[in-house]
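One file, query-v4.txt, carrying compact mmCIF, C-alpha atoms and all ligand atoms:
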```txt
# COMPACT_ATOMS: atom_id res chain seq x y z
CA MET A 1 98.42 251.67 71.10
CA ARG A 2 97.18 255.15 71.90
CA SER A 3 93.59 254.17 71.25
CA GLU A 4 94.05 251.09 73.44
CA ARG A 5 95.23 253.24 76.34
CA TRP A 6 92.36 255.59 75.78
CA PHE A 7 89.91 252.68 75.84
CA MET A 8 91.38 251.34 79.11
CA ALA A 9 91.14 254.72 80.78
CA ALA A 10 87.58 255.22 79.58
CA ALA A 11 86.55 251.72 80.57
CA CYS A 12 88.01 252.12 84.05
CA ALA A 13 86.31 255.42 84.46
CA ALA A 14 83.05 253.84 83.41
CA GLY A 15 83.60 251.14 86.02
CA LEU A 16 83.70 248.35 83.42
CA PHE A 17 86.57 246.56 85.16
CA LEU A 18 85.34 246.98 88.68
CA SER A 19 83.79 243.56 88.96
CA SER A 20 86.83 241.71 87.64
CA GLN A 21 89.06 243.72 89.96
CA ALA A 22 86.85 242.70 92.88
CA VAL A 23 87.28 239.05 91.89
CA GLN A 24 91.06 239.47 91.80
CA ALA A 25 91.10 241.11 95.17
CA GLN A 26 89.57 237.97 96.70
CA GLY A 27 91.98 235.70 94.87
CA GLU A 28 91.68 232.21 93.57
CA VAL A 29 91.97 228.85 95.35
CA GLU A 30 92.28 225.32 94.14
CA VAL A 31 90.75 223.05 96.77
CA LEU A 32 91.65 219.36 96.84
CA HIS A 33 89.16 217.25 98.84
CA TRP A 34 87.33 213.93 98.93
CA TRP A 35 83.82 215.24 99.58
CA THR A 36 81.96 213.58 96.72
CA SER A 37 78.94 211.74 98.22
CA GLY A 38 75.50 213.43 98.36
CA GLY A 39 75.86 214.96 101.83
CA GLU A 40 79.54 215.75 101.35
CA ALA A 41 78.95 217.51 98.02
CA ALA A 42 76.17 219.59 99.59
CA ALA A 43 78.55 220.64 102.38
CA VAL A 44 81.51 221.54 100.17
CA GLY A 45 79.02 223.35 97.91
CA GLU A 46 78.36 225.68 100.88
CA LEU A 47 82.07 226.49 101.09
CA LYS A 48 82.37 227.07 97.36
CA GLN A 49 79.29 229.29 97.28
CA SER A 50 80.37 231.39 100.26
CA TYR A 51 83.82 231.86 98.77
CA GLU A 52 82.41 232.86 95.40
CA ALA A 53 80.00 235.23 97.11
CA GLU A 54 83.10 236.99 98.50
CA GLY A 55 84.27 237.40 94.91
CA GLY A 56 86.84 234.60 94.84
CA THR A 57 87.46 232.04 92.09
CA TRP A 58 87.11 228.42 93.21
CA ILE A 59 88.90 225.62 91.36
CA ASP A 60 87.43 222.31 92.44
CA SER A 61 89.70 219.23 92.70
CA PRO A 62 87.62 216.38 94.11
CA ILE A 63 89.26 212.95 94.46
CA ALA A 64 86.57 210.35 95.18
CA GLY A 65 87.19 207.73 97.86
CA GLY A 66 85.76 207.63 101.39
CA GLY A 67 88.24 208.17 104.21
CA GLY A 68 90.55 210.11 101.86
CA ASP A 69 93.21 207.52 101.03
CA ALA A 70 93.03 208.22 97.27
CA ALA A 71 93.07 211.98 97.90
CA MET A 72 96.23 211.70 100.00
CA THR A 73 98.00 209.74 97.24
CA ALA A 74 97.03 212.43 94.72
CA LEU A 75 98.23 215.15 97.08
CA ARG A 76 101.65 213.54 97.46
CA ALA A 77 102.05 213.40 93.67
CA ARG A 78 101.12 217.09 93.35
CA VAL A 79 103.57 218.20 96.03
CA VAL A 80 106.40 216.05 94.68
CA SER A 81 105.90 217.55 91.21
CA GLY A 82 106.20 221.05 92.71
CA ASN A 83 102.59 221.97 92.00
CA PRO A 84 100.61 221.74 95.25
CA PRO A 85 96.96 222.84 95.45
CA ALA A 86 96.49 226.00 97.54
CA ALA A 87 94.03 224.38 99.96
CA VAL A 88 93.66 220.74 100.96
CA GLN A 89 91.29 218.71 103.14
CA LEU A 90 93.77 217.36 105.68
CA LYS A 91 93.86 216.39 109.33
CA GLY A 92 95.59 215.31 112.49
CA PRO A 93 99.25 214.33 112.39
CA GLY A 94 99.10 214.71 108.58
CA ILE A 95 99.08 218.47 109.08
CA GLN A 96 102.18 218.27 111.24
CA GLU A 97 103.93 215.91 108.81
CA TRP A 98 103.42 218.24 105.82
CA ALA A 99 104.33 221.32 107.88
CA ASP A 100 107.48 219.59 109.08
CA GLN A 101 108.50 219.12 105.44
CA GLY A 102 108.05 222.86 104.90
CA ALA A 103 105.02 222.40 102.63
CA LEU A 104 102.47 224.48 104.56
CA ALA A 105 101.87 228.24 104.66
CA SER A 106 101.05 230.14 107.84
CA VAL A 107 97.67 231.91 108.13
CA GLU A 108 98.58 233.23 111.57
CA ASP A 109 97.81 236.84 110.59
CA VAL A 110 94.19 235.90 109.78
CA ALA A 111 93.95 233.73 112.91
CA GLY A 112 95.32 236.47 115.16
CA GLU A 113 93.02 239.17 113.73
CA ASN A 114 90.00 236.93 114.25
CA SER A 115 91.02 235.51 117.67
CA TRP A 116 90.80 231.86 116.60
CA ASP A 117 92.41 230.71 119.85
CA GLU A 118 89.42 231.99 121.81
CA HIS A 119 86.86 230.13 119.70
CA LEU A 120 88.35 226.67 119.32
CA PRO A 121 88.70 223.80 121.78
CA GLU A 122 92.35 223.66 122.81
CA VAL A 123 92.86 220.20 121.37
CA LEU A 124 91.74 221.35 117.90
CA ALA A 125 93.77 224.56 117.97
CA GLY A 126 96.85 222.46 118.77
CA ILE A 127 96.27 220.21 115.76
CA MET A 128 95.93 223.22 113.40
CA LYS A 129 99.21 224.86 114.45
CA PHE A 130 102.82 224.24 113.56
CA GLU A 131 105.50 225.89 115.67
CA GLY A 132 102.83 228.09 117.24
CA GLU A 133 101.28 229.36 113.97
CA TYR A 134 98.04 228.29 112.33
CA VAL A 135 98.62 226.44 109.05
CA ALA A 136 95.08 224.99 108.78
CA ALA A 137 91.52 225.98 109.67
CA PRO A 138 89.00 223.45 111.06
CA VAL A 139 85.59 223.19 109.41
CA ASN A 140 83.90 220.79 111.79
CA ILE A 141 83.78 218.26 114.59
CA HIS A 142 82.70 214.82 113.42
CA ARG A 143 82.00 212.06 115.90
CA VAL A 144 82.97 208.56 114.74
CA ASP A 145 81.28 206.34 117.36
CA TRP A 146 77.68 206.47 116.17
CA LEU A 147 75.07 203.83 115.56
CA TRP A 148 72.48 204.60 112.84
CA ALA A 149 69.28 202.60 112.54
CA ASN A 150 66.06 202.33 110.58
CA PRO A 151 63.20 202.52 113.13
CA GLU A 152 60.76 200.59 110.91
CA VAL A 153 63.22 197.74 110.58
CA LEU A 154 63.75 197.65 114.35
CA ALA A 155 59.98 197.64 114.86
CA ARG A 156 59.70 194.57 112.62
CA VAL A 157 61.52 192.58 115.32
CA ASP A 158 60.08 194.59 118.18
CA ALA A 159 63.49 196.02 119.11
CA GLU A 160 64.76 199.29 120.52
CA MET A 161 68.07 201.00 119.92
CA PRO A 162 70.66 198.83 121.78
CA THR A 163 72.78 200.37 124.53
CA THR A 164 75.30 197.54 125.04
CA TRP A 165 77.10 195.23 122.61
CA GLU A 166 75.20 192.27 124.07
CA GLU A 167 71.93 194.03 123.24
CA PHE A 168 73.26 194.88 119.80
CA ASN A 169 74.06 191.20 119.15
CA ALA A 170 70.63 190.15 120.40
CA VAL A 171 68.81 192.56 118.05
CA ALA A 172 71.12 191.60 115.19
CA ASP A 173 70.36 187.90 115.75
CA LYS A 174 66.63 188.64 115.60
CA LEU A 175 67.01 190.62 112.37
CA GLN A 176 69.06 187.85 110.84
CA ALA A 177 66.41 185.29 111.78
CA GLU A 178 63.91 187.45 109.84
CA GLY A 179 66.16 187.51 106.78
CA ILE A 180 67.15 191.18 107.25
CA THR A 181 70.82 192.21 107.02
CA PRO A 182 71.64 193.42 110.55
CA LEU A 183 74.68 195.56 109.68
CA ALA A 184 75.18 197.63 106.52
CA HIS A 185 78.91 197.76 105.88
CA GLY A 186 81.34 198.42 103.10
CA GLY A 187 84.40 196.18 103.05
CA GLN A 188 87.12 198.80 102.58
CA PRO A 189 90.10 198.97 104.96
CA TRP A 190 89.16 202.37 106.43
CA GLN A 191 85.59 201.20 107.08
CA ASP A 192 86.82 197.99 108.73
CA ALA A 193 89.16 200.13 110.85
CA THR A 194 86.21 202.35 111.78
CA LEU A 195 84.29 199.35 113.17
CA PHE A 196 87.43 198.21 114.98
CA GLU A 197 88.13 201.52 116.74
CA VAL A 198 84.50 201.93 117.78
CA LEU A 199 84.78 198.51 119.45
CA VAL A 200 88.13 199.38 121.07
CA LEU A 201 86.46 202.37 122.73
CA GLY A 202 83.14 200.61 123.36
CA ILE A 203 84.62 197.48 124.93
CA GLY A 204 87.88 198.76 126.41
CA GLY A 205 86.81 202.27 127.48
CA PRO A 206 88.64 205.60 127.02
CA ASP A 207 91.85 204.76 128.91
CA PHE A 208 92.27 201.49 127.07
CA TYR A 209 91.64 203.21 123.73
CA ARG A 210 94.30 205.85 124.49
CA SER A 211 96.79 203.28 125.60
CA ALA A 212 96.27 200.94 122.61
CA LEU A 213 95.50 203.27 119.67
CA VAL A 214 97.24 206.50 120.63
CA ASP A 215 100.19 205.51 122.84
CA LEU A 216 100.57 202.13 121.05
CA ASN A 217 101.29 200.42 124.35
CA GLU A 218 102.38 196.83 123.76
CA GLU A 219 100.64 195.44 126.82
CA ALA A 220 97.32 196.96 125.77
CA LEU A 221 97.73 195.72 122.19
CA GLU A 222 98.33 192.17 123.43
CA SER A 223 95.72 192.20 126.20
CA GLN A 224 92.68 190.01 126.73
CA THR A 225 90.58 193.17 126.15
CA MET A 226 91.99 193.36 122.62
CA VAL A 227 91.10 189.70 122.12
CA ASP A 228 87.52 190.57 123.22
CA VAL A 229 87.48 193.41 120.68
CA PHE A 230 88.41 191.05 117.85
CA ASP A 231 85.81 188.53 119.09
CA GLN A 232 83.10 191.19 118.73
CA LEU A 233 84.50 192.23 115.34
CA ARG A 234 84.12 188.59 114.27
CA LYS A 235 80.48 188.77 115.43
CA LEU A 236 79.95 191.92 113.33
CA ARG A 237 81.46 190.14 110.32
CA GLY A 238 78.69 187.58 110.66
CA TYR A 239 76.05 190.35 110.50
CA VAL A 240 77.01 191.84 107.12
CA ASP A 241 75.51 190.75 103.79
CA PRO A 242 77.49 188.67 101.25
CA ASN A 243 78.03 191.66 98.91
CA PHE A 244 79.81 193.89 101.41
CA SER A 245 83.24 193.72 99.82
CA GLY A 246 84.42 197.05 98.35
CA ARG A 247 81.07 198.79 98.89
CA ASP A 248 81.24 202.56 99.43
CA TRP A 249 80.12 203.79 102.86
CA ASN A 250 77.29 205.92 101.47
CA LEU A 251 75.80 202.88 99.71
CA ALA A 252 75.80 201.15 103.09
CA THR A 253 73.95 204.19 104.51
CA ALA A 254 71.42 203.83 101.68
CA MET A 255 70.78 200.21 102.77
CA VAL A 256 69.66 201.49 106.19
CA MET A 257 67.64 204.26 104.55
CA ASN A 258 65.66 201.94 102.33
CA GLY A 259 65.09 199.25 104.95
CA GLU A 260 67.47 196.65 103.53
CA ALA A 261 69.55 196.69 106.71
CA GLY A 262 68.99 197.52 110.38
CA PHE A 263 72.14 199.36 111.43
CA GLN A 264 75.27 201.11 110.26
CA ILE A 265 78.23 201.93 112.50
CA MET A 266 79.76 205.07 110.98
CA GLY A 267 80.74 208.65 111.74
CA ASP A 268 78.12 211.36 111.43
CA TRP A 269 78.95 212.09 107.80
CA ALA A 270 76.34 209.29 107.44
CA LYS A 271 73.80 211.76 108.83
CA GLY A 272 74.72 214.09 105.97
CA GLU A 273 73.59 211.33 103.59
CA PHE A 274 70.28 210.81 105.37
CA LEU A 275 69.64 214.56 105.34
CA ALA A 276 70.62 214.97 101.68
CA ALA A 277 68.00 212.31 100.89
CA GLY A 278 65.37 214.34 102.78
CA LYS A 279 65.21 211.94 105.75
CA VAL A 280 64.23 213.23 109.18
CA PRO A 281 66.11 212.22 112.35
CA GLY A 282 63.95 210.55 115.00
CA LYS A 283 61.39 209.64 112.34
CA ASP A 284 63.05 208.12 109.27
CA PHE A 285 66.31 207.23 110.98
CA LEU A 286 67.68 206.99 114.52
CA CYS A 287 71.04 208.07 115.87
CA ALA A 288 72.63 206.90 119.09
CA ALA A 289 76.14 206.87 120.46
CA ALA A 290 77.61 203.41 119.87
CA PRO A 291 77.68 201.41 123.13
CA GLY A 292 80.43 202.59 125.48
CA ASN A 293 81.79 205.81 126.98
CA GLY A 294 83.73 208.62 125.42
CA PHE A 295 83.80 210.50 122.12
CA LEU A 296 85.86 209.56 119.07
CA LEU A 297 86.93 212.79 117.44
CA ASN A 298 87.45 213.34 113.73
CA SER A 299 87.79 216.94 112.63
CA ASP A 300 88.13 218.01 109.01
CA SER A 301 90.24 220.99 108.24
CA ILE A 302 91.58 222.86 105.27
CA ALA A 303 95.36 223.14 105.27
CA PHE A 304 97.14 225.80 103.26
CA PHE A 305 100.05 224.74 101.04
CA ASN A 306 102.93 226.99 100.00
CA VAL A 307 102.07 228.48 96.63
CA ARG A 308 103.98 231.15 94.72
CA ASP A 309 101.06 232.79 92.92
CA GLY A 310 99.94 236.04 94.60
CA ASP A 311 96.30 235.49 93.67
CA GLN A 312 96.32 232.08 95.30
CA GLN A 313 98.00 233.47 98.42
CA GLU A 314 95.28 236.08 98.68
CA GLY A 315 92.65 233.37 98.11
CA GLN A 316 94.07 231.34 101.01
CA LYS A 317 93.61 234.23 103.42
CA VAL A 318 90.05 234.91 102.30
CA LEU A 319 89.20 231.20 102.57
CA ALA A 320 90.78 230.89 106.03
CA SER A 321 88.81 233.81 107.35
CA LEU A 322 85.58 232.53 105.77
CA ILE A 323 85.97 229.00 107.20
CA MET A 324 86.12 230.31 110.74
CA SER A 325 83.15 232.68 110.35
CA PRO A 326 80.13 231.66 112.49
CA ASP A 327 77.72 231.73 109.50
CA PHE A 328 79.84 229.36 107.48
CA GLN A 329 80.42 227.05 110.44
CA GLU A 330 76.65 226.77 110.73
CA SER A 331 75.71 226.27 107.08
CA PHE A 332 78.51 223.80 106.32
CA ASN A 333 77.80 221.62 109.33
CA LEU A 334 74.04 221.58 108.81
CA ALA A 335 74.79 219.82 105.52
CA LYS A 336 77.79 217.74 106.61
CA GLY A 337 76.22 215.98 109.61
CA SER A 338 78.89 217.28 111.97
CA ILE A 339 78.88 220.16 114.47
CA PRO A 340 80.81 223.44 114.23
CA ALA A 341 84.47 223.41 115.26
CA ARG A 342 83.78 226.76 116.92
CA THR A 343 82.25 225.99 120.29
CA ASP A 344 80.59 229.43 120.49
CA VAL A 345 78.28 228.79 117.51
CA ALA A 346 74.79 228.03 118.88
CA LEU A 347 73.11 224.81 117.75
CA ASP A 348 69.53 226.21 117.59
CA ALA A 349 69.18 225.31 113.92
CA PHE A 350 70.61 221.79 114.41
CA ASP A 351 68.83 218.47 115.05
CA GLU A 352 68.82 216.21 118.10
CA CYS A 353 71.82 214.16 116.91
CA ALA A 354 73.95 217.31 116.72
CA GLN A 355 72.74 218.47 120.15
CA ARG A 356 73.70 215.08 121.55
CA SER A 357 77.09 215.32 119.90
CA ARG A 358 77.87 218.71 121.50
CA ALA A 359 76.66 217.59 124.95
CA ASP A 360 78.71 214.37 124.79
CA LEU A 361 81.74 216.28 123.51
CA GLU A 362 81.62 218.64 126.47
CA ALA A 363 81.15 215.75 128.90
CA ALA A 364 84.03 213.85 127.28
CA ILE A 365 86.36 216.86 127.57
CA GLU A 366 85.44 217.07 131.28
CA ALA A 367 86.01 213.35 131.83
CA ASP A 368 89.22 213.18 129.77
CA ALA A 369 87.42 210.81 127.41
CA LEU A 370 87.81 212.76 124.15
CA LEU A 371 89.88 210.48 121.92
CA PRO A 372 91.36 211.05 118.46
CA SER A 373 90.21 208.65 115.73
CA MET A 374 92.88 206.25 114.50
CA ALA A 375 90.95 205.23 111.38
CA HIS A 376 90.40 208.89 110.39
CA GLU A 377 94.00 209.97 110.79
CA MET A 378 93.70 211.95 113.98
CA ALA A 379 95.78 209.71 116.23
CA VAL A 380 98.87 208.17 114.67
CA PRO A 381 101.09 208.66 111.58
CA ARG A 382 99.80 207.19 108.30
CA THR A 383 102.36 204.37 108.37
CA VAL A 384 101.11 203.13 111.75
CA ARG A 385 97.47 203.54 110.70
CA GLY A 386 98.33 201.46 107.61
CA GLU A 387 99.50 198.58 109.83
CA PHE A 388 96.30 198.69 111.89
CA MET A 389 94.19 198.64 108.72
CA ASP A 390 96.11 195.72 107.21
CA VAL A 391 95.67 193.49 110.24
CA VAL A 392 92.03 194.45 110.84
CA THR A 393 91.08 193.96 107.18
CA ASN A 394 92.91 190.63 106.97
CA PHE A 395 91.09 189.48 110.08
CA PHE A 396 87.72 190.65 108.73
CA ASN A 397 88.23 188.78 105.46
CA SER A 398 89.64 185.50 106.77
CA ASP A 399 89.07 183.04 109.57
CA MET A 400 92.06 184.29 111.57
CA SER A 401 91.57 183.75 115.32
CA SER A 402 91.35 186.72 117.67
CA GLN A 403 94.47 185.52 119.48
CA ASP A 404 96.43 185.42 116.21
CA ALA A 405 95.10 188.87 115.26
CA VAL A 406 96.32 190.36 118.53
CA GLU A 407 99.79 188.86 118.13
CA THR A 408 100.07 189.92 114.49
CA LEU A 409 98.88 193.41 115.38
CA SER A 410 101.33 193.88 118.21
CA SER A 411 104.36 192.88 116.12
CA ALA A 412 103.19 194.95 113.11
CA ILE A 413 102.84 198.06 115.25
CA GLU A 414 106.24 197.46 116.82
CA ARG A 415 107.83 197.12 113.36
CA ALA A 416 106.12 200.29 112.11
CA GLN A 417 107.77 202.29 114.87
CA LEU A 418 111.34 201.07 114.28
C1 LIG B 1 86.15 212.59 106.67
C2 LIG B 1 84.73 212.99 106.38
C3 LIG B 1 84.22 212.20 105.20
C4 LIG B 1 84.40 210.71 105.45
C5 LIG B 1 83.93 209.82 104.33
C6 LIG B 1 86.24 211.09 106.84
O1 LIG B 1 87.57 210.70 107.07
O2 LIG B 1 86.59 213.20 107.84
O3 LIG B 1 84.64 214.36 106.10
O4 LIG B 1 82.88 212.52 104.97
O5 LIG B 1 85.77 210.44 105.66
O6 LIG B 1 84.53 210.15 103.14
```

Translate the structure described by the file into structure tokens.
Ligand code: BGC
Amino acid sequence: MRSERWFMAAACAAGLFLSSQAVQAQGEVEVLHWWTSGGEAAAVGELKQSYEAEGGTWIDSPIAGGGGDAAMTALRARVVSGNPPAAVQLKGPGIQEWADQGALASVEDVAGENSWDEHLPEVLAGIMKFEGEYVAAPVNIHRVDWLWANPEVLARVDAEMPTTWEEFNAVADKLQAEGITPLAHGGQPWQDATLFEVLVLGIGGPDFYRSALVDLNEEALESQTMVDVFDQLRKLRGYVDPNFSGRDWNLATAMVMNGEAGFQIMGDWAKGEFLAAGKVPGKDFLCAAAPGNGFLLNSDSIAFFNVRDGDQQEGQKVLASLIMSPDFQESFNLAKGSIPARTDVALDAFDECAQRSRADLEAAIEADALLPSMAHEMAVPRTVRGEFMDVVTNFFNSDMSSQDAVETLSSAIERAQL
């Protein structure tokens, strides 16, 4: 016993424990997320590395599955069993729902010290707070309404990037006539819903989108415009290859990359895939806003769950502060395909797609055309989103008429709100 005490004192004096004490001081975090594709893994690797460079211990809990539905099921099980992860990829109303159940921890002290309010667009700051206190930190701003294309494939049919849905259909018809798959798509409910919401904005415009997918207005849901949206969705269905069912989104991106398909309609996490494969924007792939006006917002954030362990609580604070640091916001987003959530981080190191994203974001804020993504859980509660996905996926995989789809949708959304 005595010799043990002597050893401890001597070891401390010799500085032997200094490094492990430094690790402890920066805590430990378990991070639950669904960033498992090439580009996503590169981005979350930036977060892990930066946190470890601060001396923290990172426990990785990835749950594969684009759009995060599998991750959210796993999260619920962890919380119900009284063992939540300290940090979770979460967004939109989901943050409010968990906070409302008392599951989230405030990081307001870190936010206040670092003046988060001054660096975030108001709409994002609002989403991250519960009862006036930050319970989550945003890592990025993703745009959903993008069109990705392979320039060589377009050149084969002498086509340019389309700027209207009519032009899109015309190019797609030409590609099809040449035996090329016009649209790379993965038949999973969240991907079908992504196509759907891009069409709602592109065909109906920002006010229609808000009315139908945010305010859930019955008249908008049953309108002729919604019928037109389903008509165009039916067109898109005709442009996908026979093996689309169940395909992961990043495999659809790979089809555009290797010239098997002309286009993909997907958020700019697809750009993360192109970049991770060493592809160059403007040369190996093209990005353009999908036809229409406005900006469909999807922002990832890390929410902090109530944990009892002191080390984990310390880790949450270190992680929160790190996430909002300008250096991290740059390195993460260069890999992820998105742009920084902090609007004061310069985009000098970013490509033309990112520059376009920031310019369109600013214009959309000005024009009141910044809209939250329904498919990516920024707009409505999960139950309502579930109803949208069911109807859209059923339509996509059957010969249901647009008129029937609109009627089914309207009554499903009404039921979901009872
Ligand atoms: C997330 C992205 C992710 C994508 C595909 C979206 O809902 O916001 O970060 O890359 O799903 O998994």

- Item | Near-ligand residues for ligand LIG 1 (chain B), threshold 9 Å, all atoms listed in the file, as a PyMOL selection string | chain A and resi 34-37+39-40+64-69+89-91+140-142+144+190+249-250+267-270+272+298-301+336-338+375-377

- Item | Close residues, Gln224 (chain A) itself excluded, 12 Å, all atoms listed in the file, min 4 positions apart in chain, as a PyMOL selection string | chain A and resi 200+203-204+208+219-220+228-231+402-403+405-407

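From CA of Cys353 (chain A) back to CA of Leu213 (chain A), the distance works out to 26.2 Å.
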
- Could you tell me which of A:Ala379, A:Thr194, A:Asp241, A:Pro151 comes closest to Val280 (chain A) if we count all atoms listed in the file? A:Pro151

- Selection near Glu330 (chain A), 8 Å with only C-alpha atoms, sequence-local residues under 5 positions removed, as a PyMOL selection string: chain A and resi 339-340+345

Expected file: the selected residues, C-alpha atoms, as a PDB file, in the coordinates of the input:
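Below is the file result11.pdb, written as the result:
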```pdb
ATOM      1  CA  ILE A 339      78.880 220.160 114.470  1.00  0.00           C
ATOM      2  CA  PRO A 340      80.810 223.440 114.230  1.00  0.00           C
ATOM      3  CA  VAL A 345      78.280 228.790 117.510  1.00  0.00           C
TER       4      VAL A 345
END
```

- Message: I'd like the contact shell of Phe295 (chain A) - 9 Å cut-off, all atoms listed in the file, skipping same-chain residues fewer than 3 positions apart - returned as a ChimeraX atom specification.
- Response: /A:143-145,201,206,289,357,360-361,363-365,369-372

Just-selected residues, C-alpha atoms written as a compact mmCIF listing (two decimals), in the frame of the given file:
```
# COMPACT_ATOMS: atom_id res chain seq x y z
CA ARG A 143 82.00 212.06 115.90
CA VAL A 144 82.97 208.56 114.74
CA ASP A 145 81.28 206.34 117.36
CA LEU A 201 86.46 202.37 122.73
CA PRO A 206 88.64 205.60 127.02
CA ALA A 289 76.14 206.87 120.46
CA SER A 357 77.09 215.32 119.90
CA ASP A 360 78.71 214.37 124.79
CA LEU A 361 81.74 216.28 123.51
CA ALA A 363 81.15 215.75 128.90
CA ALA A 364 84.03 213.85 127.28
CA ILE A 365 86.36 216.86 127.57
CA ALA A 369 87.42 210.81 127.41
CA LEU A 370 87.81 212.76 124.15
CA LEU A 371 89.88 210.48 121.92
CA PRO A 372 91.36 211.05 118.46
```

- Query: CA of Ala288 (chain A) to CA of Val157 (chain A): how many Å, to one decimal?
  - Reply: 18.5 Å

- Of the candidates A:Met389, A:Leu322, A:Leu409, A:Ala276, which one gets nearest to Ala43 (chain A) if we count all atoms listed in the file? A:Ala276

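Coordinates place CA of Ala184 (chain A) at a distance of 10.1 Å from CA of Asn243 (chain A).
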
- Query: Taking into account all atoms listed in the file, which residue in the set A:Ser410, A:Thr393, A:Ser50, A:Asn169 is nearest to Phe263 (chain A)?
  - Reply: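 Between A:Ser410, A:Thr393, A:Ser50, A:Asn169, the residue approaching Phe263 (chain A) most closely is A:Asn169.
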
- Which residue of A:Asp60, A:Ser321, A:Pro121, A:Met161 approaches Glu362 (chain A) most closely, using all atoms listed in the file: A:Pro121

- Message: Can you tell me which residues surround Ala87 (chain A) at a distance of at most 7 Å, considering only C-alpha atoms, apart from same-chain residues fewer than 3 positions away, and format the answer as a PyMOL selection string?
- Response: chain A and resi 29-32+302-305

- Pick from A:Glu197, A:Asp327, A:Glu366, A:Glu118, whichever lies nearest to Arg385 (chain A) using all atoms listed in the file: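 Result for the nearest residue to Arg385 (chain A): A:Glu197.
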
- Item | Pick from A:Asn397, A:Gln96, A:Thr408, A:Thr225, whichever lies nearest to Ser245 (chain A) using all atoms listed in the file |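 Closest residue, counting all atoms listed in the file: A:Asn397.
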
- Item | Neighbour list for region 109-111 of chain A as a PyMOL selection string, cut-off 12 Å, all atoms listed in the file, skip fewer than 5 positions in-chain | chain A and resi 116-120+125+128-129+132-138+314+316-325

Complete region 151-155 of chain A with all heavy atoms (output as a CSV table (one decimal), in the coordinates of the input).
```csv
chain,number,residue,atom,x,y,z
A,151,PRO,N,64.2,202.8,112.1
A,151,PRO,CA,63.2,202.5,113.1
A,151,PRO,C,62.1,201.5,112.7
A,151,PRO,O,61.7,200.7,113.5
A,151,PRO,CB,62.5,203.9,113.5
A,151,PRO,CG,62.9,204.8,112.4
A,151,PRO,CD,64.1,204.3,111.7
A,152,GLU,N,61.8,201.6,111.4
A,152,GLU,CA,60.8,200.6,110.9
A,152,GLU,C,61.3,199.2,110.9
A,152,GLU,O,60.6,198.2,111.3
A,152,GLU,CB,60.4,200.9,109.5
A,152,GLU,CG,59.2,201.9,109.4
A,152,GLU,CD,58.9,202.2,107.9
A,152,GLU,OE1,59.2,201.4,107.0
A,152,GLU,OE2,58.4,203.3,107.7
A,153,VAL,N,62.6,199.1,110.6
A,153,VAL,CA,63.2,197.7,110.6
A,153,VAL,C,63.3,197.2,112.0
A,153,VAL,O,63.0,196.0,112.3
A,153,VAL,CB,64.6,197.8,109.9
A,153,VAL,CG1,65.4,196.5,110.1
A,153,VAL,CG2,64.5,198.2,108.4
A,154,LEU,N,63.7,198.1,112.9
A,154,LEU,CA,63.8,197.6,114.4
A,154,LEU,C,62.4,197.2,114.8
A,154,LEU,O,62.2,196.2,115.5
A,154,LEU,CB,64.3,198.8,115.2
A,154,LEU,CG,65.7,199.2,115.0
A,154,LEU,CD1,66.2,200.1,116.2
A,154,LEU,CD2,66.7,198.0,114.9
A,155,ALA,N,61.3,198.0,114.4
A,155,ALA,CA,60.0,197.6,114.9
A,155,ALA,C,59.6,196.3,114.3
A,155,ALA,O,58.8,195.6,115.0
A,155,ALA,CB,59.0,198.7,114.4
```
